[in-house]
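Data block for query_39.cif (mmCIF, C-alpha atoms):
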```
data_start
loop_
_atom_site.label_atom_id
_atom_site.label_comp_id
_atom_site.auth_asym_id
_atom_site.auth_seq_id
_atom_site.Cartn_x
_atom_site.Cartn_y
_atom_site.Cartn_z
CA MET A 5 -46.44 26.39 -141.50
CA ILE A 6 -46.92 22.62 -141.21
CA PRO A 7 -50.53 21.43 -141.52
CA SER A 8 -51.70 19.92 -138.26
CA HIS A 9 -53.49 16.95 -139.82
CA GLY A 10 -50.24 15.57 -141.28
CA TYR A 11 -47.79 16.67 -138.63
CA GLN A 12 -46.06 13.78 -136.90
CA GLY A 13 -44.11 15.90 -134.42
CA PHE A 14 -40.75 15.26 -132.83
CA ARG A 15 -40.43 11.84 -131.30
CA SER A 16 -38.99 13.20 -128.05
CA ALA A 17 -42.46 14.22 -126.84
CA PRO A 18 -45.26 11.70 -126.35
CA ARG A 19 -47.70 11.55 -129.24
CA PRO A 20 -51.03 13.18 -128.39
CA SER A 21 -54.19 11.12 -128.22
CA GLY A 22 -57.82 12.01 -127.49
CA TRP A 23 -59.08 15.59 -127.50
CA VAL A 24 -56.40 18.30 -127.38
CA GLN A 25 -57.28 22.00 -127.10
CA THR A 26 -55.17 24.75 -128.66
CA GLY A 27 -56.73 28.14 -128.08
CA GLU A 28 -60.38 27.98 -129.17
CA ARG A 29 -59.75 24.98 -131.42
CA TRP A 30 -60.18 21.34 -130.40
CA ALA A 31 -58.46 18.43 -132.17
CA LEU A 32 -59.14 14.70 -131.86
CA TRP A 33 -55.90 12.72 -132.18
CA TYR A 34 -55.80 9.04 -133.05
CA ASN A 35 -52.69 6.96 -133.77
CA GLY A 36 -50.45 10.03 -133.96
CA ARG A 37 -52.71 11.83 -136.47
CA GLU A 38 -55.34 14.47 -136.14
CA THR A 39 -58.60 12.86 -137.27
CA ALA A 40 -61.05 15.64 -136.38
CA SER A 41 -60.96 19.29 -135.49
CA VAL A 42 -63.57 21.66 -134.11
CA ALA A 43 -62.98 25.35 -134.70
CA PRO A 44 -65.23 28.36 -134.12
CA ASP A 45 -66.88 29.71 -137.23
CA GLY A 46 -67.49 33.39 -137.90
CA GLY A 47 -71.21 33.02 -137.18
CA PRO A 48 -73.07 31.19 -134.44
CA GLY A 49 -71.86 27.64 -133.97
CA VAL A 50 -68.67 25.83 -134.91
CA ARG A 51 -67.13 24.19 -137.98
CA LEU A 52 -66.27 20.48 -137.71
CA TRP A 53 -63.70 18.82 -139.97
CA ILE A 54 -63.50 15.01 -139.81
CA GLU A 55 -61.11 12.60 -141.53
CA GLY A 56 -61.99 8.93 -141.66
CA GLN A 57 -59.78 5.89 -142.06
CA LYS A 58 -59.25 6.57 -145.78
CA PHE A 59 -58.15 9.95 -147.11
CA TRP A 60 -61.27 10.33 -149.24
CA GLN A 61 -63.52 9.96 -146.18
CA VAL A 62 -63.29 13.65 -145.25
CA LYS A 63 -66.35 15.43 -143.98
CA GLU A 64 -67.01 19.06 -143.10
CA VAL A 65 -70.06 19.85 -140.94
CA ARG A 66 -71.44 22.77 -138.95
CA ALA A 67 -72.63 22.23 -135.38
CA ALA A 68 -74.46 24.36 -132.83
CA ASN A 69 -71.73 24.18 -130.18
CA VAL A 70 -68.41 22.52 -129.36
CA ARG A 71 -69.97 19.78 -127.24
CA GLN A 72 -72.32 18.69 -130.03
CA ALA A 73 -69.48 18.77 -132.61
CA LYS A 74 -67.14 16.73 -130.42
CA ARG A 75 -69.80 14.09 -129.77
CA TYR A 76 -70.62 13.85 -133.50
CA ALA A 77 -66.92 13.56 -134.41
CA GLU A 78 -66.29 10.89 -131.78
CA ARG A 79 -69.15 8.72 -133.06
CA TRP A 80 -68.37 9.24 -136.76
CA CYS A 81 -64.65 8.46 -136.37
CA ALA A 82 -65.19 5.57 -133.94
CA ALA A 83 -67.66 3.88 -136.31
CA ARG A 84 -65.06 4.01 -139.12
CA LEU A 85 -61.88 3.27 -137.15
CA TYR A 86 -63.33 0.44 -135.01
CA PRO A 87 -66.09 -1.13 -137.12
CA ASP A 88 -65.99 -4.45 -135.23
CA LEU A 89 -66.47 -2.90 -131.73
CA PRO A 90 -69.72 -1.65 -130.19
CA LEU A 91 -70.03 2.12 -130.53
CA ARG A 92 -69.54 2.91 -126.82
CA GLU A 93 -66.34 0.85 -126.62
CA ALA A 94 -65.09 2.34 -129.87
CA VAL A 95 -65.70 5.89 -128.62
CA ALA A 96 -64.01 5.09 -125.29
CA ARG A 97 -60.97 3.69 -127.06
CA LEU A 98 -60.81 6.62 -129.50
CA THR A 99 -61.02 9.30 -126.81
CA ASP A 100 -58.59 7.60 -124.43
CA SER A 101 -56.05 10.35 -123.74
CA THR A 102 -53.32 8.29 -122.11
CA PRO A 103 -50.12 8.99 -124.07
CA ILE A 104 -49.03 6.30 -126.47
CA GLN A 105 -45.79 4.64 -125.39
CA GLU A 106 -43.40 3.81 -128.19
CA PRO A 107 -42.17 0.21 -128.04
CA PRO A 108 -38.53 -0.12 -126.98
CA PRO A 109 -36.10 -0.67 -129.87
CA LEU A 110 -35.31 -4.27 -130.72
CA PRO A 111 -31.97 -5.59 -129.48
CA ALA A 112 -29.27 -5.58 -132.13
CA LEU A 113 -27.91 -8.82 -133.51
CA PRO A 114 -24.25 -9.60 -132.82
CA PRO A 115 -22.00 -8.49 -135.69
CA THR A 116 -21.02 -11.12 -138.24
CA ARG A 117 -17.40 -11.95 -139.08
CA GLU A 118 -17.63 -9.97 -142.31
CA GLN A 119 -18.97 -6.93 -140.44
CA GLN A 120 -16.14 -7.17 -137.91
CA GLN A 121 -13.56 -7.35 -140.72
CA GLN A 122 -15.19 -4.42 -142.48
CA ALA A 123 -15.17 -2.39 -139.26
CA ARG A 124 -11.47 -3.20 -138.71
CA ARG A 125 -10.58 -2.22 -142.30
CA LEU A 126 -12.55 0.98 -141.95
CA ALA A 127 -10.77 1.86 -138.69
CA GLU A 128 -7.36 1.22 -140.32
CA ALA A 129 -8.29 3.38 -143.32
CA VAL A 130 -9.43 6.16 -141.01
CA THR A 131 -6.16 6.12 -139.05
CA ASN A 132 -4.12 6.16 -142.30
CA ASP A 133 -6.15 9.06 -143.66
CA LEU A 134 -5.84 10.88 -140.34
CA GLU A 135 -2.04 10.56 -140.43
CA ARG A 136 -1.98 11.89 -144.03
CA VAL A 137 -4.16 14.86 -143.09
CA LYS A 138 -2.04 15.66 -140.02
CA ALA A 139 1.12 15.53 -142.14
CA ALA A 140 -0.45 17.83 -144.73
CA LEU A 141 -1.52 20.33 -142.07
CA GLU A 142 1.92 20.60 -140.41
CA PRO A 143 3.65 23.94 -141.05
CA ILE A 144 6.43 23.91 -143.65
CA ARG A 145 9.84 23.88 -141.96
CA PRO A 146 12.64 26.01 -143.36
CA PRO A 147 15.44 23.99 -144.95
CA ALA A 148 18.45 23.16 -142.80
CA ALA A 149 21.42 25.56 -143.08
CA THR A 150 23.68 24.52 -145.93
CA LYS A 151 27.45 24.69 -145.89
CA PRO A 152 29.00 27.24 -148.19
CA ARG A 153 30.50 25.62 -151.26
CA ALA A 154 34.21 25.56 -151.81
CA LYS A 155 35.13 27.91 -154.66
CA ASP A 156 36.72 26.32 -157.66
CA PRO A 157 39.71 28.37 -158.90
CA GLN A 158 39.07 27.23 -162.48
CA LYS A 159 35.58 28.76 -162.43
CA THR A 160 36.85 32.13 -161.26
CA ARG A 161 39.18 32.31 -164.24
CA VAL A 162 36.37 31.42 -166.67
CA ARG A 163 34.04 34.05 -165.16
CA ALA A 164 36.71 36.73 -165.39
CA ALA A 165 37.32 35.87 -169.03
CA LEU A 166 33.57 36.06 -169.81
CA ARG A 167 33.34 39.43 -168.12
CA ASP A 168 36.22 40.74 -170.16
CA LEU A 169 34.61 39.50 -173.39
CA ARG A 170 31.36 41.31 -172.60
CA ARG A 171 33.20 44.53 -171.98
CA GLY A 172 35.07 44.17 -175.23
CA VAL A 173 38.53 44.14 -173.83
#
```

Can I see the file as structure tokens?
Amino acid sequence: MIPSHGYQGFRSAPRPSGWVQTGERWALWYNGRETASVAPDGGPGVRLWIEGQKFWQVKEVRAANVRQAKRYAERWCAARLYPDLPLREAVARLTDSTPIQEPPPLPALPPTREQQQQARRLAEAVTNDLERVKAALEPIRPPAATKPRAKDPQKTRVRAALRDLRRGV
């Protein structure tokens, strides 16, 4: 199973942001990563796991209820992720749940002359290789019918003499 705090997801779906609930667990997503999660603990209250801007800024805390844990996580993460903004603005920006739109891909540059030549050479090589493969995959044709050879009278005499020698005549 892939850990949720490092999972980037498939790029076909919009990246989550803000608080996302899965079952009884809540997760705070920021910049395509899970920065905090609130999960019920075995006893009364909930367990809160928070990750700051740096990987060593991880904090685990217990809270009385989900609302208190979410508020604590929002403030703790906002203070570390947006240190230059006032806390209310930082929390508002952090919990904004509008999906993040990926920027459109940059337009490609026109191909250079060398790239065009390379593409042409590659296409020619592919067609040559394709012809060789097609020729190799063709079924083997039987040889054309051959004409019967004319019999040499001299050879028939030699063969008869050899046969007689073998028999001991």

Step by step, work through what the PyMOL selection byres ((chain A and resi 69) around 9) selects in the shown file, and finish by giving those residues as a list in words.
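Matching residues under the PyMOL selection byres ((chain A and resi 69) around 9) are Pro44, Pro48, Gly49, Val50, Arg66, Ala67, Ala68, Val70, Arg71, Gln72, Ala73 and Lys74 of chain A.
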
With range 26-36 of chain A as the partner and 10 Å as the cut-off, tabulate the residues of range 44-157 of chain A that qualify, each row holding the nearest pair of atoms and their distance in Å to one decimal, using only C-alpha atoms, sorted by chain and rising number, as JSON lines.
```
{"residue": "A:Pro44", "atom": "CA", "partner": "A:Glu28", "partner_atom": "CA", "distance": 6.9}
{"residue": "A:Val50", "atom": "CA", "partner": "A:Arg29", "partner_atom": "CA", "distance": 9.6}
{"residue": "A:Arg51", "atom": "CA", "partner": "A:Arg29", "partner_atom": "CA", "distance": 9.9}
{"residue": "A:Leu52", "atom": "CA", "partner": "A:Trp30", "partner_atom": "CA", "distance": 9.6}
{"residue": "A:Trp53", "atom": "CA", "partner": "A:Ala31", "partner_atom": "CA", "distance": 9.4}
{"residue": "A:Ile54", "atom": "CA", "partner": "A:Leu32", "partner_atom": "CA", "distance": 9.1}
{"residue": "A:Val70", "atom": "CA", "partner": "A:Trp30", "partner_atom": "CA", "distance": 8.4}
{"residue": "A:Ala73", "atom": "CA", "partner": "A:Trp30", "partner_atom": "CA", "distance": 9.9}
{"residue": "A:Lys74", "atom": "CA", "partner": "A:Trp30", "partner_atom": "CA", "distance": 8.3}
{"residue": "A:Ala77", "atom": "CA", "partner": "A:Leu32", "partner_atom": "CA", "distance": 8.3}
{"residue": "A:Glu78", "atom": "CA", "partner": "A:Leu32", "partner_atom": "CA", "distance": 8.1}
{"residue": "A:Cys81", "atom": "CA", "partner": "A:Leu32", "partner_atom": "CA", "distance": 9.5}
{"residue": "A:Leu85", "atom": "CA", "partner": "A:Tyr34", "partner_atom": "CA", "distance": 9.3}
{"residue": "A:Arg97", "atom": "CA", "partner": "A:Tyr34", "partner_atom": "CA", "distance": 9.6}
{"residue": "A:Leu98", "atom": "CA", "partner": "A:Tyr34", "partner_atom": "CA", "distance": 6.6}
{"residue": "A:Thr99", "atom": "CA", "partner": "A:Leu32", "partner_atom": "CA", "distance": 7.6}
{"residue": "A:Asp100", "atom": "CA", "partner": "A:Tyr34", "partner_atom": "CA", "distance": 9.2}
{"residue": "A:Ser101", "atom": "CA", "partner": "A:Trp33", "partner_atom": "CA", "distance": 8.8}
{"residue": "A:Pro103", "atom": "CA", "partner": "A:Gly36", "partner_atom": "CA", "distance": 10.0}
{"residue": "A:Ile104", "atom": "CA", "partner": "A:Asn35", "partner_atom": "CA", "distance": 8.2}
```

Could you work out how far CA of Ser21 in chain A lies from CA of Arg84 in chain A, giving the answer in Å with one decimal?
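CA of Arg84 in chain A sits 17.0 Å away from CA of Ser21 in chain A.
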
Report, in Å to a single decimal, how far apart CA of Val65 in chain A and CA of Gly47 in chain A are.
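Distance between the two atoms: 13.7 Å.
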
Quote the spacing between CA of Tyr86 in chain A and CA of Ala40 in chain A in Å to one decimal place.
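It comes out at 15.4 Å.
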